[in-house]
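Structure first, commentary second.
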Amino acid sequence: MISSSFVLQPGIKVNPPRGLNNSGISDSRYIINVTAQEPPLIFLNDQRLSLEALSAELQTLARKDAESTVILRADQEVPHGFVTEIMNRALEAGVSVLIATQPKPLEEP
C-alpha cells in the first residue's frame with residue numbers, strides 16, 4: 001500500500017516534497033526519516049540505522065505485526081532511487097508504506 005500523509009515528528013528535520021493527496025496525520029508508531037546529507041542518514045523513529053540494519057528492523061517488525069505500517073518521511077533532496085530502495089525493503093519485509101508529504105499551498109484565484 002502506498003499513500004500520502006502529512007506527519008509531524010519532532011527532533012529530525014526533513015523537508016518532504018509537497019503533494020496534493022494529503023490524507024491527514026497517520027497513527028503509525030513507526031516513522032522512517034531520511035535526511036538529505038551525503039550519504040543520506042536513515043532513522044527509524046529516533047534510532048539512526050544503516051540501510052542493512054533498517055532492513056533487519058523492518059523484518060522484525062513484520063514478524064511481530066503482520067499488518068504493520070511505516071511512514072517514510074524523506075527530504076525532497078534525497079535521490080528518488082534511495083527513497084525507492086527504502087520503500088522496496090519495507091515492502092519486501094511485508095510492511096506497508098505511507099509516503100509523507102507537506103501540504104501543497106493553495107493557489108490564489
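Lettering and numbering for the C-alpha cells are positional, with chains as A, B, ... in the shown order, residues counted from 1 in each chain, and ligands counted from 1 in the shown order.
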
So that I can check the secondary structure, give me every residue of region 32-90 of chain A assigned strand (DSSP E) by backbone DSSP, as a compact mmCIF listing (two decimals) with C-alpha atoms, in the first residue's frame.
```txt
# COMPACT_ATOMS: atom_id res chain seq x y z
CA ILE A 32 11.44 6.32 8.80
CA ASN A 33 13.15 9.69 8.38
CA VAL A 34 15.76 10.20 5.66
CA ILE A 42 18.27 6.96 7.98
CA PHE A 43 16.32 6.96 11.24
CA LEU A 44 13.64 4.52 12.36
CA GLN A 47 17.27 5.46 16.07
CA ARG A 48 19.92 6.04 13.39
CA LEU A 49 20.41 2.93 11.25
CA THR A 69 2.85 0.19 8.55
CA VAL A 70 5.73 2.66 8.39
CA ILE A 71 5.65 6.27 7.33
CA LEU A 72 8.51 7.17 5.01
CA ARG A 73 9.43 10.82 5.52
CA ALA A 74 12.32 11.79 3.26
```

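Going from CA of Gln102 (chain A) over to CA of Ala90 (chain A), you cover 21.8 Å.
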
Nearest to Glu92 (chain A) by atom-to-atom distance, counting only C-alpha atoms, from A:Val78, A:Leu106, A:Leu58, A:Ser68: A:Leu58

Who sits within 9 Å of Ala93 (chain A), only C-alpha atoms, same chain under 5 positions skipped, as JSON, numbers by chain: {"A": [55, 56, 58, 59, 60, 61, 62, 63, 88]}

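Minimum atom-to-atom distance to Arg89 (chain A), evaluated using only C-alpha atoms, belongs to A:Ala53 out of A:Ala53, A:Pro103, A:Asp75, A:Glu67.
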